[in-house]
Structure formats: structure tokens, C-alpha cells
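Take a look at the structure set out below.
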There are 2 protein chains.
Amino acid sequence: MKATRYEGNKTFSVIEKDVEAPAAGDVRIKVAYSGVCGTDVHIYHGMMDQRVSIPVTIGHEMSGTIDAVGEGVTDYAVGDKVVVRPLDDRGAKPSDKGFNHVCEDLKFIGIDSPGSMQQYWNVPAFTLHKLKAETSLKLAALIEPLSVASHDVRLSELKAGETAVVLGGGPIGLLVAMVAKDAGANVIISEVNPVRIQKAKELGFDCVSPAELDLVAYVREKTEGRLADVVFEVAGVQPALDVMTEVAGIRGRIVMVAIHGQPKPVNLFKFFWKELKLIGARVYEKEDYEKSIALITANELPFEEMITDVQPLSNIQEVFENIDKNPNGLKVLMDCQL
Amino acid sequence: MKATRYEGNKTFSVIEKDVEAPAAGDVRIKVAYSGVCGTDVHIYHGMMDQRVSIPVTIGHEMSGTIDAVGEGVTDYAVGDKVVVRPLDDRGAKPSDKGFNHVCEDLKFIGIDSPGSMQQYWNVPAFTLHKLKAETSLKLAALIEPLSVASHDVRLSELKAGETAVVLGGGPIGLLVAMVAKDAGANVIISEVNPVRIQKAKELGFDCVSPAELDLVAYVREKTEGRLADVVFEVAGVQPALDVMTEVAGIRGRIVMVAIHGQPKPVNLFKFFWKELKLIGARVYEKEDYEKSIALITANELPFEEMITDVQPLSNIQEVFENIDKNPNGLKVLMDCQL
């Protein structure tokens with residue numbers, strides 16, 4: 001079998017290795033597709049060298065088919081189409097209060113242990129979600145990032161008829177926008193990259209550039225002064241943090257989707273003045289996967305448009321180099337069958 | 001009648017003026033007590049000269065007895081003991097979504113219009129809450145700040161058995177702590193002033209100084225690793241902002257009670273990592289007043305201990321000067337009957 005490995009120093013290798021039998025409680029998956037996540041790009045950039053065990057196979061946005069089952073696995077059989085919810089929460093403690101998806105000792109599979117950018121992948125059966133026979137394996141590689149979006153929207157308590165402003169129109173921002181629109185919200189995307197603005201418009205979204213107009217005035221006018229009921233901060237930059245407290249209306253909920261590595265200035269006065277709420281959101285829970293699997297299987301949202309490139313596993317080095325060169329792409333999938 | 005006026009430049013005057021008949025819809029209150037709020041001290045310091053119309057009578061934490069009723073006032077009669085909820089929300093619009101207590105055009109009575117630091121005060125009847133005949137007018141002057149605390153605790157969704165950490169043991173911090181404890185929470189107060197620590201302990205609270213021990217380690221040990229379920233940020237200083245995201249456990253709720261005039265660094269990574277929530281809270285709603293009136297009337301909490309000084313109205317200049325000199329006091333009341 002073919003497997004890729006991050007070797008440090010912005011370098012991937014592609015190696016040949018033997019397929020392993022699944023251990024007790026595990027299954028072996030024949031991986032179909034493995035999407036490239038922003039976190040994978042961070043790893044490639046060396047930003048997470050302290051955390052990953054180099055050399056390491058990364059990847060966690062995947063789809064595949066069960067190829068072998070280990071001892072004691074009864075709920076899955078060879079041939080089942082599956083996706084992995086890559087959270088190893090076996091270290092959860094009572095002090096985690098049942099929020100095992102963010103438990104203190106959570107291990108993220110594909111970062112803290114080997115990931116899916118290889119032809120066969122052995123994982124614990126408790127991480128699996130079964131797909132229907134008709135679910136597209138290509139689209140199914142979007143279930144993991146779509147579950148991030150489903151989680152964000154669920155935690156925001158967005159209601160039909162409310163206005164959601166999505167700051168940042170990259171892959172996660174667009175998925176959040178799709179889920180929010182599907183929930184009946186009026187969605188406005190704020191994005192500065194003209195190619196991404198064009199893409200968002202093609203997907204049917206109201207998408208504007210805060211570099212070209214006054215976003216707050218725009219949202220105020222669109223909402224008869226209510227401003228945003230929900231804001232999703234997906235951009236991860238200071239201007240987004242500055243505008244999030246302005247564009248949110250009274251009792252607005254701001255979901256912090258972006259990862260800000262350092263403390264950043266936040267206008268806490270506006271939190272007081274308008275009684276805003278900031279909601280931290282990380283990964284997903286079982287129900288978010290179930291929701292996303294249903295959305296992908298129904299295939300009524302423009303998921304196909306999210307996939308801007310599919311490359312064979314052996315091209316991994318080129319794929320990551322191109323992501324750095326081209327900020328316009330959305331989701332790139334590695335085809336692990338090739 | 002005697003009335004006090006803030007004249008600007010850290011100066012109050014005490015004047016004699018005629019009592020006015022209440023306009024239609026208004027009542028005239030014979031003010032009993034008027035507490036000094038931190039906001040009043042800000043006004044005295046000249047921090048709000050842009051907002052107040054100098055000269056102005058300030059004050060909004062009060063109790064009194066109805067002395068005359070204007071045309072059309074049917075729910076109140078001369079002799080009724082009352083407190084004022086000093087929110088003039090007559091400018092509320094549909095875009096305020098029914099959250100009239102924080103509506104965009106809210107006028108705060110006692111800041112944006114004349115306040116209670118005078119012997120007789122005319123106010124709209126819709127601002128009133130009636131007290132029972134047996135309710136102490138002295139304690140009733142605490143109903144306004146207690147309603148801030150009741151609002152904070154209500155918005156936190158604090159449940160019995162949860163652990164609440166209150167950052168800052170001043171008057172509002174102590175009232176928040178009392179309401180939280182009354183709701184069945186385990187309360188830990190963090191305060192650096194030794195006199196306030198002593199006071200908090202006398203009131204029966206677990207109160208520690210983050211200057212003398214590791215607050216996060218202390219709370220971790222007291223909660224078997226859960227850390228705080230709810231944090232009230234009442235201190236208004238950067239070290240409190242730094243520790244609030246550390247001392248909160250997984251899915252912890254942080255209530256922003258303090259007013260931070262400028263954007264401040266906040267550890268947004270922790271919001272993501274632990275799925276924390278930040279909840280902005282401002283003033284109070286009707287139900288918070290009702291709750292506070294019930295607590296004051298029952299008088300089972302150590303409210304009496306909160307009042308560290310009572311001074312005649314004519315001493316107003318000295319009262320504000322002393323507050324600046326003595327950071328150890330808690331609530332000072334002006335006795336408006338003298």
C-alpha cells in the first residue's frame with residue numbers, strides 16, 4: 001500500500017508499506033478520499049512540529065470502505081461505506097462533564113495519531129459513522145468539515161428568519177453559510193478575496209467585501225436596523241474581531257470558529273452594551289456528524305462546487321505547495337484510490 | 001426642598017428649590033435613601049461630562065415613598081413605598097427585538113435625566129416597583145445594585161451545585177456572590193484588597209487573593225478538576241481578563257459584568273479550546289427587580305453588612321471625596337430625609 005508522511009521542513013514523502021491487520025476493536029478502511037484541512041496546511045508549515053510525531057501520516061477529512069474488521073467489532077462489516085469522526089476521547093474524565101468532544105485529554109486522530117492520507121487506515125470502530133450505499137464517497141470527504149459547520153450553527157441557536165453574518169468566505173465559512181441558509185437564515189458573507197467573493201455569489205450567497213463598503217451599514221440596511229442576530233467569526237484576523245462586535249445587534253451571538261493563537265483585543269464594552277454573547281466552538285459531536293451525513297446524502301446543497309481539485313495521493317507534495325501559491329482554491333481532495 | 005447637583009470639576013452643590021407637582025403619568029417620590037454607585041463616582045471624576053447635562057442631580061439607587069401622583073396614574077397612591085427601575089425605554093424600536101432594557105435609545109434616569117440625590121424626585125410611574133409596608137427603606141436602596149447581580153446570575157444560567165468564581169469583591173461582586181450562593185452554587189471570590197477579603201470572609205464567603213496563591217490551582221483543587229462552571233468578571237482589570245479564561249472549565253460561562261472602556265486582549269484560543277461562552281450583561285429587567293425585592297424583603301442575606309456608611313444629603317461633597325480616599329468601603333447611602 002501507498003502511504004504519505006509529513007517529514008518536517010515542508011516535506012512529504014510517499015512510501016510503500018505493508019497493509020496491517022486491524023487490532024481488536026479496530027477496523028481497516030480502504031480510504032477513498034482525504035481532504036486537505038487548514039490544520040494539515042499548518043502542520044506542513046511546521047507550526048505544529050511540537051505536537052506531531054515526525055514522520056507522521058496526517059489527514060482526517062476522509063471517506064472510505066471497510067476492508068477488514070478486528071476482533072470484537074460487530075456493528076460494521078467489510079464493504080460498509082464509512083467516515084471517521086476523528087476524536088479519540090478514551091481519556092475523558094468526570095471533570096469533562098460529559099463534553100467528551102472537547103475533553104481535556106482528547107486525542108485528535110490524524111494529528112496526535114496517524115491519519116488518512118494513505119490507502120489503508122486502521123482506526124477504532126467507535127470513531128465510525130456508517131454511510132448509505134448511495135452516498136457519494138467523494139462528497140463524503142466533506143462530512144468532517146461540514147460537521148464543524150453544523151456544530152457552529154447548532155451552538156449559535158440560529159433560528160429561521162434570523163440574519164447570520166459569516167466573516168470569511170473560505171471553505172469553512174462557505175459550509176457555515178450553507179448550513180445557516182439551510183436552517184432558514186438570511187446569510188451575508190463578508191470576504192475580501194475577489195475570487196472567493198465570486199465563488200460565494202455563484203453559490204447563491206449575498207457576499208460583500210468590507211474593503212469596498214461599510215459592512216455594518218450594509219447589514220443595518222438589510223435588517224431594518226436589527227443588525228446580525230448571529231455572527232460567525234471564521235476569518236481569524238483582527239479586522240474581523242473589530243467588526244464582529246459592531247455588526248452584531250442587541251443580544252447578538254458571535255460564534256468563534258477561527259483559531260486565534262494569541263490573545264487579541266476585543267471590544268468588551270460592546271458585549272456589555274448590547275448584551276452580546278461569544279460562543280466558543282470546537283470540532284463536533286455525534287449529532288453534528290449525523291446531521292452532516294444526512295445533508296451530504298440528500299445532496300441538495302452545492303457541495304460539489306466546494307471541491308476545486310482532486311489529486312492522486314502521490315502528488316501530495318505538489319498539492320501542499322500549490323495551496324500556498326493559490327489562495328483562491330476551496331477544498332482539495334487527495335484521491336487515495338490512485 | 002434640598003437638592004444636590006454635580007457642577008463639574010469634582011464639585012457638588014446643595015441647593016434649596018421648590019417642590020414640583022408631578023406631570024401627567026408621573027409621581028413625586030419623597031426619597032428616603034440614595035446609594036452611591038460606581039457610575040456616580042465616574043461622573044464625579046468628570047469621566048462622563050460629555051454625557052451628563054451639567055449642572056445635574058445624579059443618583060439612581062434609591063428607595064422612597066410616593067408623595068403625590070400625576071394625572072392618569074392609577075396603580076400607585078400617596079404613601080406607597082417604592083423603588084425606581086431607572087430605565088426610560090420609551091424610545092424602544094422593533095429593531096431592539098423586545099430587549100428594551102438595553103434598547104439602542106435607552107435613557108438612563110439619573111444620568112441622562114435628573115436623579116435621586118434630592119429630597120423629592122419626580123419620575124414616570126412606569127419605572128416604579130411597589131414594596132411591601134414592612135420592607136426596610138434603608139435596605140431597599142440596595143435593590144437597584146442587587147438587581148444588577150440578579151440579572152448577571154440569571155443570564156449565567158447558574159445551577160445549584162455548580163461552582164461560581166467571582167473576580168472582584170467590591171459591592172457588586174459581593175452582591176453577585178450572595179445571589180449565586182442563594183441559588184445553590186459553591187462560590188469562590190477572588191479579591192486583592194485585604195480589607196475586602198476580610199469583609200467577604202465575615203460574610204461567610206470563601207475569598208482568596210490571586211496575589212497570594214494560584215487561583216486556578218485553588219479552584220481546580222476545590223472542584224476535583226472541573227474548574228469554574230461560571231465566572232463573573234467584576235474586577236475590570238487586565239489580570240481578571242487573563243485569569244477568567246483559565247479558571248473557567250470546559251463549557252464554562254463567563255459573565256462580563258465589569259465595564260471595559262477600551263478593547264482589551266482576550267485569550268480567544270481558550271474560548272475555542274474549552275468551548276467557553278462570554279455573556280455580556282447590562283442593567284436588569286423587570287423580573288430581576290422582582291427577584292431582588294423579594295430577597296430584600298425576606299432579608300435573609302447579609303445585606304445590612306453591605307452598607308458601610310450613611311450620610312445626610314448635605315454632606316455629598318465630603319462623601320464623594322471620602323470614597324476616593326478610602327477604597328475599603330462598600331455601599332454608602334445618602335439619607336435624603338435629612
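In the C-alpha cells, chains take the letters A, B, ... in the order shown, each chain's residues start at 1, and ligands count up from 1 in the order shown.
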
Quiz item: Taking the backbone alone, and naming residues the way the document does, which bits of segment 115-160 of chain B are strand (DSSP E) by DSSP, as a list in words?
Solution: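 Strand (DSSP E) members of segment 115-160 of chain B, listed: Tyr120, Trp121, Asn122, Val123, Pro124, Leu128, His129 and Lys130 of chain B.
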
Would you save the residues of that selection, restricted to all heavy atoms, as a compact mmCIF listing (two decimals), in the first residue's frame?
# COMPACT_ATOMS: atom_id res chain seq x y z
N TYR B 120 -37.04 65.29 47.02
CA TYR B 120 -38.24 64.89 46.27
C TYR B 120 -37.83 64.68 44.82
O TYR B 120 -37.02 65.46 44.29
CB TYR B 120 -39.35 65.94 46.37
CG TYR B 120 -39.89 66.05 47.78
CD1 TYR B 120 -39.29 66.89 48.71
CD2 TYR B 120 -40.99 65.29 48.18
CE1 TYR B 120 -39.76 66.97 50.02
CE2 TYR B 120 -41.47 65.37 49.48
CZ TYR B 120 -40.86 66.21 50.39
OH TYR B 120 -41.33 66.27 51.67
N TRP B 121 -38.40 63.65 44.20
CA TRP B 121 -37.95 63.27 42.85
C TRP B 121 -39.19 62.90 42.02
O TRP B 121 -39.98 62.06 42.44
CB TRP B 121 -37.03 62.06 42.98
CG TRP B 121 -36.28 61.64 41.76
CD1 TRP B 121 -35.82 62.42 40.75
CD2 TRP B 121 -35.85 60.29 41.45
NE1 TRP B 121 -35.12 61.66 39.83
CE2 TRP B 121 -35.12 60.35 40.24
CE3 TRP B 121 -36.00 59.05 42.09
CZ2 TRP B 121 -34.56 59.22 39.65
CZ3 TRP B 121 -35.44 57.93 41.50
CH2 TRP B 121 -34.72 58.02 40.29
N ASN B 122 -39.35 63.56 40.89
CA ASN B 122 -40.48 63.24 40.01
C ASN B 122 -40.02 62.27 38.91
O ASN B 122 -39.04 62.56 38.20
CB ASN B 122 -41.01 64.52 39.35
CG ASN B 122 -41.68 65.43 40.37
OD1 ASN B 122 -41.55 65.22 41.58
ND2 ASN B 122 -42.40 66.44 39.90
N VAL B 123 -40.73 61.16 38.80
CA VAL B 123 -40.37 60.14 37.80
C VAL B 123 -41.63 59.56 37.16
O VAL B 123 -42.70 59.58 37.76
CB VAL B 123 -39.55 58.98 38.42
CG1 VAL B 123 -38.18 59.44 38.90
CG2 VAL B 123 -40.33 58.31 39.55
N PRO B 124 -41.50 58.98 35.95
CA PRO B 124 -42.65 58.33 35.32
C PRO B 124 -43.08 57.11 36.15
O PRO B 124 -42.23 56.36 36.66
CB PRO B 124 -42.12 57.87 33.96
CG PRO B 124 -40.89 58.70 33.72
CD PRO B 124 -40.31 58.97 35.07
N LEU B 128 -41.73 52.40 38.30
CA LEU B 128 -41.85 52.04 39.72
C LEU B 128 -42.05 50.55 39.98
O LEU B 128 -42.67 49.84 39.17
CB LEU B 128 -43.05 52.78 40.34
CG LEU B 128 -43.01 54.30 40.31
CD1 LEU B 128 -44.33 54.86 40.85
CD2 LEU B 128 -41.83 54.81 41.11
N HIS B 129 -41.54 50.12 41.12
CA HIS B 129 -41.90 48.82 41.70
C HIS B 129 -42.36 49.10 43.12
O HIS B 129 -41.67 49.79 43.88
CB HIS B 129 -40.68 47.88 41.73
CG HIS B 129 -40.32 47.31 40.41
ND1 HIS B 129 -40.65 46.03 40.02
CD2 HIS B 129 -39.67 47.86 39.36
CE1 HIS B 129 -40.20 45.80 38.80
NE2 HIS B 129 -39.60 46.88 38.36
N LYS B 130 -43.51 48.52 43.49
CA LYS B 130 -44.06 48.76 44.82
C LYS B 130 -43.40 47.81 45.84
O LYS B 130 -43.16 46.64 45.52
CB LYS B 130 -45.58 48.51 44.79
CG LYS B 130 -46.34 49.28 45.83
CD LYS B 130 -47.86 49.04 45.72
CE LYS B 130 -48.48 49.65 44.48
NZ LYS B 130 -49.97 49.68 44.52

Can you build me a table of chain A residues sitting at most 7 Å from chain B, with the closest atom pair per residue and its distance in Å to one decimal, using only C-alpha atoms, sorted by chain and residue number, as a tab-separated table?
residue	atom	partner	partner_atom	distance
A:Ser95	CA	B:Arg226	CA	4.4
A:Asp96	CA	B:Ile250	CA	6.3
A:Val102	CA	B:Lys274	CA	6.4
A:Glu224	CA	B:Ser95	CA	6.9
A:Gly225	CA	B:Ser95	CA	5.5
A:Arg226	CA	B:Ser95	CA	4.4
A:Ile250	CA	B:Asp96	CA	6.3
A:Met256	CA	B:Phe272	CA	6.6
A:Ile259	CA	B:Phe269	CA	6.0
A:His260	CA	B:Phe269	CA	5.4
A:Gly261	CA	B:Phe269	CA	5.8
A:Gln262	CA	B:Asn267	CA	6.6
A:Pro263	CA	B:Asn267	CA	4.2
A:Lys264	CA	B:Pro265	CA	4.6
A:Pro265	CA	B:Pro265	CA	4.1
A:Val266	CA	B:Pro263	CA	4.9
A:Asn267	CA	B:Pro263	CA	4.2
A:Leu268	CA	B:His260	CA	6.0
A:Phe269	CA	B:His260	CA	5.4
A:Phe271	CA	B:Gly280	CA	4.6
A:Phe272	CA	B:Gly280	CA	4.5
A:Trp273	CA	B:Arg282	CA	6.4
A:Lys274	CA	B:Val102	CA	6.4
A:Glu275	CA	B:Gly280	CA	4.3
A:Leu276	CA	B:Gly280	CA	5.2
A:Lys277	CA	B:Ile279	CA	4.6
A:Leu278	CA	B:Leu278	CA	4.8
A:Ile279	CA	B:Lys277	CA	4.6
A:Gly280	CA	B:Glu275	CA	4.3
A:Ala281	CA	B:Glu275	CA	5.1
A:Arg282	CA	B:Phe272	CA	5.6

Keeping only C-alpha atoms, write those residues as a PDB file, in the first residue's frame.
ATOM      1  CA  SER A  95     -14.321  16.717  35.205  1.00  0.00           C
ATOM      2  CA  ASP A  96     -15.013  16.945  31.454  1.00  0.00           C
ATOM      3  CA  VAL A 102     -13.511  18.718  23.950  1.00  0.00           C
ATOM      4  CA  GLU A 224     -34.031  47.363   9.125  1.00  0.00           C
ATOM      5  CA  GLY A 225     -31.617  48.260  11.897  1.00  0.00           C
ATOM      6  CA  ARG A 226     -31.605  44.917  13.715  1.00  0.00           C
ATOM      7  CA  ILE A 250     -28.700  43.633  20.526  1.00  0.00           C
ATOM      8  CA  MET A 256     -15.736  31.962  17.475  1.00  0.00           C
ATOM      9  CA  ILE A 259      -8.400  29.833  15.893  1.00  0.00           C
ATOM     10  CA  HIS A 260      -6.580  32.827  17.349  1.00  0.00           C
ATOM     11  CA  GLY A 261      -3.245  31.596  18.670  1.00  0.00           C
ATOM     12  CA  GLN A 262      -2.527  34.750  20.673  1.00  0.00           C
ATOM     13  CA  PRO A 263      -4.731  36.948  22.892  1.00  0.00           C
ATOM     14  CA  LYS A 264      -6.312  39.651  20.734  1.00  0.00           C
ATOM     15  CA  PRO A 265      -8.025  42.969  21.537  1.00  0.00           C
ATOM     16  CA  VAL A 266     -11.775  42.525  21.846  1.00  0.00           C
ATOM     17  CA  ASN A 267     -14.309  45.319  22.377  1.00  0.00           C
ATOM     18  CA  LEU A 268     -15.746  44.096  25.666  1.00  0.00           C
ATOM     19  CA  PHE A 269     -17.726  47.321  26.074  1.00  0.00           C
ATOM     20  CA  PHE A 271     -20.516  42.877  24.902  1.00  0.00           C
ATOM     21  CA  PHE A 272     -21.799  44.824  27.911  1.00  0.00           C
ATOM     22  CA  TRP A 273     -23.697  47.476  25.973  1.00  0.00           C
ATOM     23  CA  LYS A 274     -25.611  45.185  23.603  1.00  0.00           C
ATOM     24  CA  GLU A 275     -25.556  42.117  25.855  1.00  0.00           C
ATOM     25  CA  LEU A 276     -23.699  40.142  23.211  1.00  0.00           C
ATOM     26  CA  LYS A 277     -22.671  36.523  23.640  1.00  0.00           C
ATOM     27  CA  LEU A 278     -19.414  34.975  22.453  1.00  0.00           C
ATOM     28  CA  ILE A 279     -19.651  31.240  21.877  1.00  0.00           C
ATOM     29  CA  GLY A 280     -16.512  29.167  21.526  1.00  0.00           C
ATOM     30  CA  ALA A 281     -16.964  26.196  19.198  1.00  0.00           C
ATOM     31  CA  ARG A 282     -14.539  23.336  18.559  1.00  0.00           C
TER      32      ARG A 282
END

Self-check item: Contact residues around Ser116 of chain A with only C-alpha atoms at 10 Å, ignoring same-chain residues under 5 positions, as a list of chain:residue names
Solution: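 Within the cut-off, the hits are A:Ala3, A:Thr4, A:Ile29, A:Lys30, A:Val31, A:Ala32, A:Tyr33, A:Ser34, A:Gly35, A:Thr57, A:Ile58, A:Gly59, A:His60, A:Glu61, A:Met62, A:Ser63, A:Gly64, A:Val84, A:Pro86, A:Ile109, A:Gly110, A:Trp121, A:Asn122, A:Val123, A:Met334, A:Cys336.
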
Quiz item: For the atom pair atom CA of Leu146 of chain B and atom CA of Met178 of chain B, what is the interatomic distance in Å to one decimal place?
Solution: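 Separation of atom CA of Leu146 of chain B and atom CA of Met178 of chain B: 9.3 Å.
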
Quiz item: Looking at only C-alpha atoms, which of A:Met1, A:Ala235, A:Ile143, A:Leu313 is the one that sits closest to Lys286 of chain A?
Solution: A:Ile143

Quiz prompt | Interatomic distance, atom CA of Phe232 of chain B to atom CA of Val166 of chain B (Å, one decimal) | solution =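 These two atoms are separated by 4.8 Å.
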